[in-house]
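For reference, the structure is listed below as structure tokens.
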Amino acid sequence: MNDLTPPEKRTAKDYATDQEVRWCPGCGDYAILRAVLNTLADIEADPANTVFVSGIGCAARFPYYVETYGFHTIHGRAPAFATGIKLANPELDVWVVGGDGDMLSIGGNHLMHVIRRNVDVQVLLFNNEIYGLTKGQASPTSRAGTRSPSTPLGSVDNPVSACVFVLGAGARFVARGIDSQQKDLPGILKRAHAHKGASFVEVLQNCIVYNDGVFADITEKAVAADRQVVCRHGEPLVFGKDGDKGIRLNTETLTLEAVDIGEDGPEAAGVLVHDETNRIMATMLAGMDDESLPVAVGVIYCDPGKSYGDGMAEMKAEAVKRSEGADLKSIMHAGHTWTVAD
Amino acid sequence: MNDLTPPEKRTAKDYATDQEVRWCPGCGDYAILRAVLNTLADIEADPANTVFVSGIGCAARFPYYVETYGFHTIHGRAPAFATGIKLANPELDVWVVGGDGDMLSIGGNHLMHVIRRNVDVQVLLFNNEIYGLTKGQASPTSRAGTRSPSTPLGSVDNPVSACVFVLGAGARFVARGIDSQQKDLPGILKRAHAHKGASFVEVLQNCIVYNDGVFADITEKAVAADRQVVCRHGEPLVFGKDGDKGIRLNTETLTLEAVDIGEDGPEAAGVLVHDETNRIMATMLAGMDDESLPVAVGVIYCDPGKSYGDGMAEMKAEAVKRSEGADLKSIMHAGHTWTVAD
Amino acid sequence: MTKVHQVLNAPADASSRDELESAVVRFAGDSGDGMQLTGGQFTEATALAGNDLATFPDFPAEIRAPVGTTFGVSSFQINFGARRIMTSGDDFDVLVAMNPAALKVEMPRLRKGGLVVIDTGTFNERNLAKAGYDTSPLEDGTLDPFRVISFDISGMTQEAVKEFDLSKKDALRCKNMWALGFVYWLFARPRKTTQEWLNAKFAKRPEIANANIAAMNAGHAMGETAELPAGVHGFHIAPAEIEPGLYRTVTGTEALAWGLVKGAELAALELMFASYPITPASPLLHSLAKLQHLGVTTFQAEDEIAAACAAIGASYSGAIGMTSSSGPGIALKGEAIGLALSAELPLIVVNSQRGGPSTGLPTKTEQSDLYQAVYGRNADAPLVVLSTRSASDCFEVGIEAVRLATKYMTPVMLLTDGYIANAAEPWRIPDLDSYEPFPVTFITEPEGFHPFLRDPETLARVWPKPGTPDMMHRIGGIERSYDTGHISYEADNHHKMTKVRAAKIDGIARDIPAQDVELGKTSGKLAVVGWGSTYGPINRAVDNLINRGKDVSHIHLRYIWPLPENLGELLNSYDTVLVPEMNNGQLVTLLKAEYLIDAKPLNKISGQPFKISEIEDAILDILEG
Amino acid sequence: MTKVHQVLNAPADASSRDELESAVVRFAGDSGDGMQLTGGQFTEATALAGNDLATFPDFPAEIRAPVGTTFGVSSFQINFGARRIMTSGDDFDVLVAMNPAALKVEMPRLRKGGLVVIDTGTFNERNLAKAGYDTSPLEDGTLDPFRVISFDISGMTQEAVKEFDLSKKDALRCKNMWALGFVYWLFARPRKTTQEWLNAKFAKRPEIANANIAAMNAGHAMGETAELPAGVHGFHIAPAEIEPGLYRTVTGTEALAWGLVKGAELAALELMFASYPITPASPLLHSLAKLQHLGVTTFQAEDEIAAACAAIGASYSGAIGMTSSSGPGIALKGEAIGLALSAELPLIVVNSQRGGPSTGLPTKTEQSDLYQAVYGRNADAPLVVLSTRSASDCFEVGIEAVRLATKYMTPVMLLTDGYIANAAEPWRIPDLDSYEPFPVTFITEPEGFHPFLRDPETLARVWPKPGTPDMMHRIGGIERSYDTGHISYEADNHHKMTKVRAAKIDGIARDIPAQDVELGKTSGKLAVVGWGSTYGPINRAVDNLINRGKDVSHIHLRYIWPLPENLGELLNSYDTVLVPEMNNGQLVTLLKAEYLIDAKPLNKISGQPFKISEIEDAILDILEG
Ligand SMILES: Cc1ncc(C[n+]2csc(CCOP(=O)(O)OP(=O)(O)O)c2C)c(N)n1
Ligand SMILES: Cc1ncc(C[n+]2csc(CCOP(=O)(O)OP(=O)(O)O)c2C)c(N)n1
Ligand code: SF4
Ligand code: SF4
Ligand SMILES: [Mg+2]
Ligand SMILES: [Mg+2]
């Protein structure tokens with residue numbers, strides 16, 4: 001990529017580095033990398049203006065494989081680095097990548113704050129429900145009872161839902177994708193990129209070594225259609241192999257439930273129409289985690305607000321205005337001064 | 001309190017230490033202290049078995065004034081200390097106290113984890129929407145535009161809602177109280193204490209020095225009835241001086257709205273009946289923060305689940321069972337051993 | 001109100017003022033009494049009068065302790081004179097005690113024969129009890145060793161401001177100005193600056209401004225007219241011999257903020273300052289937040305770790321990232337600082353030291369983070385450590401920190417302390433155009449580029465800035481190849497890189513001034529070696545003893561790591577080295593390890609600056625004992 | 001598959017085995033080839049055969065690097081012999097290379113004339129290219145300096161397991177057992193333990209167990225029957241002279257876990273271990289998580305800070321709180337450790353050191369956290385620092401850490417490293433009943449109680465346990481009064497408390513064994529002073545040179561802070577002190593500062609243990625140069 005004349009239009013391959021990829025063969029991270037590279041090509045990202053920032057973990061190796069600027073930082077803190085990068089240069093297009101341990105265990109607080117501040121970055125959380133790099137301990141998204149080297153009799157903790165958590169922190173863009181869904185993932189990433197402010201994308205990712213098949217019950221070909229519902233703004237929340245099921249809001253119990261769509265179609269069956277600007281609907285959809293309901297994928301929530309960068313820019317403009325051109329010298333000379341003569 | 005014969009029944013005064021209280025005169029913390037002392041008397045807390053744990057901040061001075069065990073730790077980490085205390089001695093009755101900076105800025109992650117693990121402690125967050133102890137900087141709950149020494153032109157950050165945040169983290173008990181409401185606060189604290197698992201109570205607290213009157217628009221006598229709705233399980237969410245207003249769910253927009261209750265009463269007006277076991281209703285109520293709606297106080301959510309302590313106890317029992325009495329010696333002698341003779 | 005207790009023996013004669021070389025005045029009152037403001041005003045007026053001076057604000061840990069308690073006492077001390085002033089003074093010559101608690105707390109350090117100005121209006125039974133007095137010190141002989149000037153300041157203030165129709169509370173709030181007016185009289189200081197300041201401060205409430213001015217004038221008038229104790233005619237302190245130039249007073253915080261801004265300007269970089277509030281570091285954040293129109297971005301992060309990381313992120317993208325905290329917060333930043341130094345990014349870390357360990361004594365000063373600065377990270381992780389010695393010194397050190405950080409692509413830890421941060425001193429405003437710029441050159445040439453290419457002389461790596469075409473690259477905390485900049489787990493490479501990182505920092509010793517001797521000879525019996533805010537008392541103590549013919553020298557270190565190249569030789573040229581520190585002996589350990597000299601520690605860990613006499617005693621002990 | 005390259009010159013004669021004093025064998029293959037297991041089995045068998053031994057597992061940073069790459073090579077080294085074995089060995093005598101990448105990576109350290117066992121079945125073009133070979137080393141003379149034993153192990157394994165009807169993948173997985181079988185033959189080791197282990201491990205899949213056993217037997221049989229290179233008849237290594245007793249092999253992690261459990265038992269306390277995963281510290285968490293039936297609670301916290309805080313919380317409530325991490329994680333715990341030491345609570349902090357700074361070389365070993373351990377906190381914050389020297393030493397140090405933490409109410413930092421944690425060695429299982437209990441007494445007497453009452457001798461404060469009637473009290477990180485235990489901002493009190501905290505730790509020097517000399521005289525020309533895992537190579541190097549008549553001694557420090565009382569005097573009795581460390585010179589700084597001796601550093605910062613020869617060379621340089 002170091003040629004000086006920019007190529008006509010870059011392909012996904014042009015965004016890949018020459019570094020040997022060091023994930024385990026078969027790791028879901030490969031698929032996510034592919035989707036990201038495709039997205040970058042698709043949005044015609046300027047490599048010189050793009051930065052990938054990550055913490056530590058298998059997922060956090062990501063920047064090494066993208067031919068943009070990259071900063072592989074320390075465990076859990078990538079959102080804080082990203083905030084600093086954006087504050088120093090708001091023009092840069094910043095992607096933050098990390099695993100469920102990185103972003104929800106040690107880094108949960110920084111995730112919360114980058115979200116609530118609405119810093120204009122894309123946050124990609126690769127959720128494999130396990131600590132990959134440190135060899136398989138339970139993570140904050142691991143299901144209760146997960147047996148791991150640190151929880152040989154099964155973990156006692158209740159897992160946290162990444163998407164529900166960021167909604168609680170005030171997220172304005174929340175989406176969920178699946179590593180293996182190469183068709184859908186770039187679309188989600190593109191939406192995340194287009195959203196101004198903090199965009200949060202959870203990608204369910206298979207760790208073939210330490211948690212193989214943990215999402216099989218929703219991603220296996222045979223069950224995928226029944227176990228996933230794709231959120232599309234303005235469209236009814238329909239799922240099932242034949243599109244014969246839908247999500248309905250029970251207004252009595254204020255809970256979601258699955259319904260069979262009869263002959264009269266989704267509307268008649270009371271199927272909810274997805275409104276991606278509705279925070280409560282998003283919270284309910286993001287939180288669907290029991291067997292009776294499918295898992296929501298796609299753009300669950302998108303309701304842009306003022307980004308941190310814009311707020312800072314306004315504030316700085318105001319500071320400049322108020323300063324009336326005062327420079328350092330005039331500040332140092334302001335107030336009481338006196339002269340000691342020779 | 002060092003007399004050896006326990007008093008008949010302790011009064012609130014018996015739970016107070018002889019330490020000079022070092023809050024600013026007029027600080028809301030005094031009122032909260034009074035409410036807590038009353039609660040302790042009310043629940044007949046055993047001082048020897050009760051521990052107050054806090055981080056750093058004005059709020060976090062709390063333990064010095066309660067004649068129980070107390071640990072004034074470091075900034076933001078009180079939930080982690082409390083978890084350790086409970087793990088080492090599950091019998092202790094542990095209260096965690098801290099401010100909005102302590103628990104939501106530096107300590108947001110520990111708060112999230114103590115909540116999701118459902119450790120059996122009472123967490124009291126004194127929210128004055130400011131950093132008191134360090135002299136008035138904006139906090140994560142400060143409203144956008146807050147002018148403070150660190151944000152002289154107004155803060156740019158979006159505030160986080162404490163109650164919504166902990167609901168996003170999976171809280172099973174969420175309540176909100178107000179420092180000055182001496183009548184209601186002990187009741188809320190008592191409920192929090194009775195709940196097994198992590199109980200979260202946000203107390204709106206007036207910092208008379210650095211953020212005086214920040215809650216005046218909802219707590220002033222003249223407006224209180226119109227600007228607060230008290231959540232009572234099974235009762236309609238009615239408010240207003242004459243109980244003439246209610247909260248209704250707009251099922252179309254999935255939002256809450258205020259309605260005037262006509263002559264036919266709340267039910268006819270479609271006023272929502274509070275169901276404290278409904279997480280989505282709680283999320284909506286906790287999130288009411290625009291002028292058109294009152295602020296929810298009282299027990300917003302209570303839906304107990306297995307506590308961390310119980311989970312750990314079960315796990316330990318299982319460990320003992322599986323070990324079949326193996327002691328350290330038998331473990332060290334297990335596997336291949338060989339004897340080197342004299 | 002208790003009986004007014006006035007000892008008025010002789011009429012004051014303004015024309016026959018006593019000539020003094022210097023004086024130490026301490027204003028003490030309740031936290032709500034405005035003593036810091038009073039002291040600040042007196043400082044301004046004294047500076048304008050041409051004295052040299054040093055100040056020491058000393059306030060309670062509590063935001064607002066209950067009124068009248070001893071732990072709620074807030075004090076402000078100023079030492080000023082016709083000669084160079086090196087410290088805020090040992091014992092006081094004049095104590096202003098606005099209530100019994102203030103008297104109780106401060107009296108032990110009033111020198112015998114000193115003047116105590118008392119507001120008898122606050123000496124009621126309740127306040128006496130709160131202060132822990134069984135009998136009134138005004139009456140029981142407690143004050144016999146001193147010359148007492150007692151007025152019902154509260155009452156006289158109310159009287160003076162009557163015409164402005166204030167509430168009693170607001171009226172009483174003017175009593176600090178009454179006291180200030182009296183002290184102004186005592187030292188023949190002009191009231192003009194304070195008058196102007198009051199008018200500006202209360203521009204929207206002129207009645208408050210006027211009341212305060214009236215109170216000040218009343219206090220001043222009382223000096224003219226009242227009968228004062230025997231021998232008190234007011235004092236005269238001649239102007240000091242001071243380098244010519246334009247002066248102002250400045251606190252360490254202000255000077256540091258400006259120095260950092262100036263440093264960034266000289267480096268031609270935007271400044272990104274990320275911090276998290278903590279006493280006594282927060283004022284630097286506050287100061288810089290007011291300079292956002294000067295290419296400064298300030299960011300109050302969610303915690304110290306995020307602040308450090310955001311600052312490093314800013315440096316990564318081509319600004320100069322800075323962060324600050326005090327001890328416990330700096331501890332939290334250790335891991336992130338390790339990344340900055342291993343990724344070789346510039347970073348300024350300001351540590352406003354305070355009493356520790358742990359929460360310790362947050363409002364008291366201490367110099368106990370030297371170990372943490374030099375050694376306090378995992379692995380072999382050297383960085384640059386600088387220290388400031390006074391408020392005005394902060395400006396220069398701020399610039400030097402930016403110069404070294406950017407030239408060597410390294411974190412720089414800048415040690416200051418709570419005393420320096422809050423103390424004010426007169427400062428000759430430097431000529432901003434006289435500083436040599438040191439603009440950063442970002443690498444833009446893709447040919448042969450990798451991110452760990454080094455300058456063969458400085459060993460600094462190149463600084464490629466995101467946004468630059470064709471310079472895309474990845475960096476991080478995993479060891480990287482000396483030759484390619486890529487991740488490398490290779491054994492010999494790690495050895496080499498560790499050595500290079502150390503050599504880069506060691507080499508800075510060649511780029512800093514040789515260590516000089518502040519006072520005394522460059523060899524001899526005894527060198528007193530100090531760093532940081534002990535500069536003043538050490539300097540004065542050594543000066544005093546040199547004047548008494550003693551063979552003693554003062555050496556002051558600005559550069560803690562690396563140490564100046566000639567320091568070892570210099571120290572070896574003295575028979576003995578004494579290292580006074582406000583800690584349990586940290587620099588002394590460093591000097592012992594580096595130069596194998598049997599340096600003697602002198603430690604004071606009480607949160608209070610050294611007294612000159614304490615250092616003099618220690619010197620005499622060595623020279624004579 | 002490339003052409004099989006076999007150099008079969010002479011028939012093997014099992015009866016005429018070569019007698020060796022010791023041998024170093026290195027098993028190397030792809031990460032997926034099971035080299036760690038193979039090495040582990042060989043270790044067991046060798047221990048049972050009565051040899052002394054030491055091992056060095058060396059695996060890649062990646063979880064599973066792509067097959068066949070050099071950075072995916074996983075190796076296991078064992079040094080075993082008829083004499084005492086002090087290190088895992090310098091250059092190897094036998095290298096087992098399961099693929100080209102393994103050969104490429106490991107060949108440089110195979111000694112000239114050493115034996116290399118190669119699986120030619122993997123030497124295809126693809127693998128050769130991945131390993132970076134242009135031509136096959138089997139054919140281009142690369143291997144000329146060695147004696148080569150090459151078989152198509154892959155093919156022969158498949159053949160051997162045919163009858164079990166495994167998939168090709170499963171069949172090929174048995175090839176490490178084939179290789180092990182062959183090496184068993186080479187050193188005349190019994191196969192029984194491995195057979196039993198396979199049967200147990202694959203109890204539910206007996207066909208896998210049987211296939212592995214068949215492969216092992218086939219490899220063994222090949223030794224009996226194949227034509228081996230000239231002079232290779234298999235080796236015989238006599239049992240070592242070993243202290244009588246019951247033995248097992250143990251890793252540092254296991255021994256430390258047991259030591260900590262035993263320590264808690266001797267202190268009569270529950271053990272609460274809180275940690276956050278990080279290489280190479282995690283295995284300690286895993287080991288203790290399996291011991292929850294022994295009064296152990298393990299807690300995987302959300303981060304290192306929470307882990308430290310939870311452990312401190314546990315100590316506060318009357319258990320012994322422990323936490324662990326490696327460098328970057330320990331850095332994060334600094335602030336919390338400061339609270340533990342200022343609140344004077346017992347705490348064990350285990351630091352499994354790894355290569356740094358920052359993420360550094362996570363899977364490589366280093367001794368570079370000594371600065372951090374001794375100095376790495378804000379303020380004057382001394383604590384106890386202990387170090388372990390080997391796997392079996394961990395047990396004793398674990399107990400000692402608990403003893404000192406509880407007796408002195410202080411945090412104890414226990415330094416181990418990645419090498420010790422993972423390496424296995426034979427261990428004489430101690431008699432658990434022979435340890436003197438040191439039960440903790442919690443204070444229960446309210447009369448005159450305050451939480452900072454001290455034992456006049458140890459200066460330890462009392463330990464009051466929540467839940468005890470009438471002992472309610474508050475503690476925290478703000479300075480407290482020496483006299484009442486309440487918060488105190490008083491100047492002199494802070495000085496006193498700082499001195500007391502230091503004196504308490506210093507006083508521990510009287511409660512630990514005087515420093516002894518491992519080898520050599522107690523005075524003389526040269527003392528080599530080491531700590532931690534450099535014990536082995538230093539000891540062997542000094543031993544070798546003493547045997548060659550050199551005047552050199554070995555001193556090994558377990559106690560890093562406080563240092564033993566007699567250490568200064570002892571070191572001063574040598575002309576020169578040499579301090580080999582796997583860092584850039586940290587203990588050497590400490591010794592210089594403490595004793596003003598001009599100790600010489602010897603640094604290796606490559607993530608690899610010292611070679612004996614490197615230390616010998618350095619010693620000879622000093623003695624002769
Ligand atoms: C401060 C610190 N603590 C701990 C670690 C060890 N560590 C590295 S990655 C990781 C967690 C990995 O899990 P996750 O974030 O889910 O990423 P994955 O490997 O599963 O992609 C941990 C605990 C570290 N590198 N630094
Ligand atoms: C590690 C660390 N960072 C920062 C501080 C300084 N500090 C003390 S309290 C506080 C915040 C106080 O705000 P809050 O938690 O809202 O409590 P309040 O004083 O308002 O009750 C801060 C920043 C500290 N003591 N320790
Ligand atoms: S350990 Fe799991 S997450 Fe990590 S690279 Fe391997 S398969 Fe992927
Ligand atoms: S600063 Fe505010 S919160 Fe703190 S004690 Fe004073 S009034 Fe209360
Ligand atoms: Mg993961
Ligand atoms: Mg607050």
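Each chain in the structure tokens gets a letter, A, B, ..., in the order shown, and its residues are numbered from 1; ligands are numbered from 1 in order too.
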Kindly provide, as number ranges by chain, the residues of chain D having any atom no farther than 8 Å from an atom of chain C, counting only C-alpha atoms. D: 327-336, 338-339, 342, 355-361, 367-369, 371-372, 375-381, 477-479, 489-495, 498-499, 583-584, 589-594, 596-598, 604-608
Would you mind listing what lies within 10 Å of B:Val297 as a PDB file with C-alpha atoms, in the first residue's frame, with only C-alpha atoms counted and same-chain residues fewer than 6 positions away left out?
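Result saved to around36.pdb:
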ATOM      1  CA  VAL B 174     -33.705  -0.635  41.939  1.00  0.00           C
ATOM      2  CA  ALA B 175     -35.107   2.221  43.955  1.00  0.00           C
ATOM      3  CA  ARG B 176     -34.847   5.964  44.096  1.00  0.00           C
ATOM      4  CA  GLY B 177     -35.233   8.266  47.067  1.00  0.00           C
ATOM      5  CA  ILE B 178     -34.658  11.860  47.997  1.00  0.00           C
ATOM      6  CA  ASP B 184     -40.170   7.682  52.684  1.00  0.00           C
ATOM      7  CA  LEU B 185     -36.462   7.017  52.689  1.00  0.00           C
ATOM      8  CA  ILE B 188     -37.084   2.282  50.721  1.00  0.00           C
ATOM      9  CA  GLU B 202     -30.143   6.095  44.213  1.00  0.00           C
ATOM     10  CA  VAL B 203     -30.681   8.942  46.644  1.00  0.00           C
ATOM     11  CA  LEU B 204     -30.975  12.406  45.139  1.00  0.00           C
ATOM     12  CA  GLN B 228     -42.611  13.087  41.462  1.00  0.00           C
ATOM     13  CA  VAL B 229     -44.462   9.854  41.073  1.00  0.00           C
ATOM     14  CA  VAL B 230     -44.180   7.313  43.830  1.00  0.00           C
ATOM     15  CA  CYS B 231     -43.958   3.736  42.591  1.00  0.00           C
ATOM     16  CA  ARG B 232     -46.030   1.337  44.673  1.00  0.00           C
ATOM     17  CA  LEU B 285     -40.012   4.583  34.760  1.00  0.00           C
ATOM     18  CA  ALA B 286     -36.386   4.945  35.746  1.00  0.00           C
TER      19      ALA B 286
END
Taking only C-alpha atoms into account, which of D:Gly68, D:Gly318, D:Pro190, D:Gly114 comes nearest chain A? D:Gly68
Could you list the protein, DNA and RNA residues that have any atom within 9 Å of ligand 5, counting only C-alpha atoms and all ligand atoms, and write them as a list in words? Gly57, Cys58, Ala59, Gly98, Gly99, Asp100, Gly101, Asp102, Leu125, Phe126, Asn127, Asn128, Glu129, Ile130, Tyr131, Gly132, Leu133, Gly136, Ala138, Ser139, Thr141, Gln205 and Cys207 of chain A
Write the selection just made, keeping N, CA and C atoms, as an mmCIF file, in the first residue's frame?
data_model
loop_
_atom_site.group_PDB
_atom_site.id
_atom_site.type_symbol
_atom_site.label_atom_id
_atom_site.label_comp_id
_atom_site.auth_asym_id
_atom_site.auth_seq_id
_atom_site.Cartn_x
_atom_site.Cartn_y
_atom_site.Cartn_z
ATOM 1 N N GLY A 57 -6.361 -9.080 23.638
ATOM 2 C CA GLY A 57 -7.177 -10.276 23.508
ATOM 3 C C GLY A 57 -6.998 -10.786 22.089
ATOM 4 N N CYS A 58 -7.602 -11.918 21.786
ATOM 5 C CA CYS A 58 -7.513 -12.407 20.408
ATOM 6 C C CYS A 58 -8.157 -11.378 19.480
ATOM 7 N N ALA A 59 -9.368 -10.957 19.812
ATOM 8 C CA ALA A 59 -10.068 -9.971 18.989
ATOM 9 C C ALA A 59 -9.205 -8.736 18.792
ATOM 10 N N GLY A 98 -12.579 -5.035 20.230
ATOM 11 C CA GLY A 98 -12.181 -5.781 21.418
ATOM 12 C C GLY A 98 -13.107 -6.945 21.690
ATOM 13 N N GLY A 99 -12.682 -7.759 22.622
ATOM 14 C CA GLY A 99 -13.470 -8.930 22.988
ATOM 15 C C GLY A 99 -14.392 -8.633 24.153
ATOM 16 N N ASP A 100 -15.128 -9.643 24.552
ATOM 17 C CA ASP A 100 -16.087 -9.485 25.639
ATOM 18 C C ASP A 100 -15.379 -9.280 26.975
ATOM 19 N N GLY A 101 -14.208 -9.887 27.133
ATOM 20 C CA GLY A 101 -13.456 -9.645 28.359
ATOM 21 C C GLY A 101 -12.896 -8.233 28.360
ATOM 22 N N ASP A 102 -12.301 -7.878 27.272
ATOM 23 C CA ASP A 102 -11.668 -6.571 27.112
ATOM 24 C C ASP A 102 -12.674 -5.438 27.356
ATOM 25 N N LEU A 125 -17.547 -5.149 19.287
ATOM 26 C CA LEU A 125 -17.264 -6.081 20.379
ATOM 27 C C LEU A 125 -17.437 -7.500 19.858
ATOM 28 N N PHE A 126 -16.348 -8.238 19.805
ATOM 29 C CA PHE A 126 -16.416 -9.627 19.346
ATOM 30 C C PHE A 126 -16.736 -10.483 20.562
ATOM 31 N N ASN A 127 -17.947 -10.947 20.616
ATOM 32 C CA ASN A 127 -18.384 -11.685 21.800
ATOM 33 C C ASN A 127 -18.310 -13.183 21.553
ATOM 34 N N ASN A 128 -17.303 -13.810 22.134
ATOM 35 C CA ASN A 128 -17.216 -15.280 22.056
ATOM 36 C C ASN A 128 -17.533 -15.911 23.404
ATOM 37 N N GLU A 129 -18.010 -15.078 24.310
ATOM 38 C CA GLU A 129 -18.425 -15.543 25.640
ATOM 39 C C GLU A 129 -17.315 -16.290 26.368
ATOM 40 N N ILE A 130 -16.082 -15.880 26.126
ATOM 41 C CA ILE A 130 -14.954 -16.555 26.782
ATOM 42 C C ILE A 130 -13.726 -15.676 26.660
ATOM 43 N N TYR A 131 -12.739 -15.894 27.506
ATOM 44 C CA TYR A 131 -11.421 -15.285 27.328
ATOM 45 C C TYR A 131 -10.628 -16.192 26.416
ATOM 46 N N GLY A 132 -10.423 -15.766 25.186
ATOM 47 C CA GLY A 132 -9.663 -16.601 24.262
ATOM 48 C C GLY A 132 -8.170 -16.552 24.563
ATOM 49 N N LEU A 133 -7.609 -15.386 24.508
ATOM 50 C CA LEU A 133 -6.143 -15.257 24.554
ATOM 51 C C LEU A 133 -5.531 -15.855 25.810
ATOM 52 N N GLY A 136 -9.184 -19.492 27.884
ATOM 53 C CA GLY A 136 -10.472 -20.102 28.137
ATOM 54 C C GLY A 136 -11.184 -19.888 29.443
ATOM 55 N N ALA A 138 -13.925 -18.106 31.979
ATOM 56 C CA ALA A 138 -15.261 -17.537 31.790
ATOM 57 C C ALA A 138 -15.158 -16.013 31.695
ATOM 58 N N SER A 139 -16.032 -15.415 30.907
ATOM 59 C CA SER A 139 -16.052 -13.956 30.748
ATOM 60 C C SER A 139 -17.385 -13.431 31.276
ATOM 61 N N THR A 141 -19.787 -12.401 29.726
ATOM 62 C CA THR A 141 -20.931 -12.828 28.913
ATOM 63 C C THR A 141 -21.121 -14.337 28.939
ATOM 64 N N GLN A 205 -19.209 -14.341 17.990
ATOM 65 C CA GLN A 205 -18.024 -14.893 17.338
ATOM 66 C C GLN A 205 -17.679 -16.245 17.949
ATOM 67 N N CYS A 207 -15.345 -19.023 19.148
ATOM 68 C CA CYS A 207 -13.973 -19.383 19.524
ATOM 69 C C CYS A 207 -13.884 -20.887 19.414
#
Need the shell around A:Leu153: protein/DNA/RNA residues with any atom at most 8 Å away, counting only C-alpha atoms. Skip same-chain ones fewer than 2 positions apart. Format as a count of residues only? 8
Distance filter 6 Å, only C-alpha atoms, chain B against chain A, as JSON, numbers by chain: {"B": [108, 109, 116, 117, 156, 157, 158, 164, 165, 168, 169, 311]}
So that I have them on file, write out the residues from the current selection with C-alpha atoms, as a PDB file, in the first residue's frame.
ATOM      1  CA  GLY B 108     -18.821   2.383  37.078  1.00  0.00           C
ATOM      2  CA  ASN B 109     -17.381  -0.983  36.220  1.00  0.00           C
ATOM      3  CA  ARG B 116     -24.727  -8.418  37.619  1.00  0.00           C
ATOM      4  CA  ARG B 117     -23.255 -10.913  40.070  1.00  0.00           C
ATOM      5  CA  VAL B 156     -20.341  18.515  26.779  1.00  0.00           C
ATOM      6  CA  ASP B 157     -20.970  14.980  28.055  1.00  0.00           C
ATOM      7  CA  ASN B 158     -24.403  13.411  28.114  1.00  0.00           C
ATOM      8  CA  VAL B 164     -31.236   2.987  33.978  1.00  0.00           C
ATOM      9  CA  PHE B 165     -27.575   2.050  33.975  1.00  0.00           C
ATOM     10  CA  GLY B 168     -28.894  -2.360  31.895  1.00  0.00           C
ATOM     11  CA  ALA B 169     -26.373  -4.195  34.020  1.00  0.00           C
ATOM     12  CA  GLY B 311     -24.528 -19.579  44.169  1.00  0.00           C
TER      13      GLY B 311
END
Specify as a ChimeraX atom specification all residues of chain C found within 10 Å of chain B, counting only C-alpha atoms. /C:61-67,69,71-72,275-290,292,298-306,328-329,358-359
What does the distance from atom CA of A:Asn211 to atom 12 (C, counted along the ligand's line) of ligand 1 come to in Å, to one decimal? 12.7 Å
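If you look at atom CA of A:Pro266 and atom CA of A:Val238, they are 7.5 Å away from each other.
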Please identify which residues in stretch 194-318 of chain C DSSP calls alpha helix (DSSP H) from the backbone, and express them as a PyMOL selection string. chain C and resi 194-201+206-225+252-267+282-289+304-316
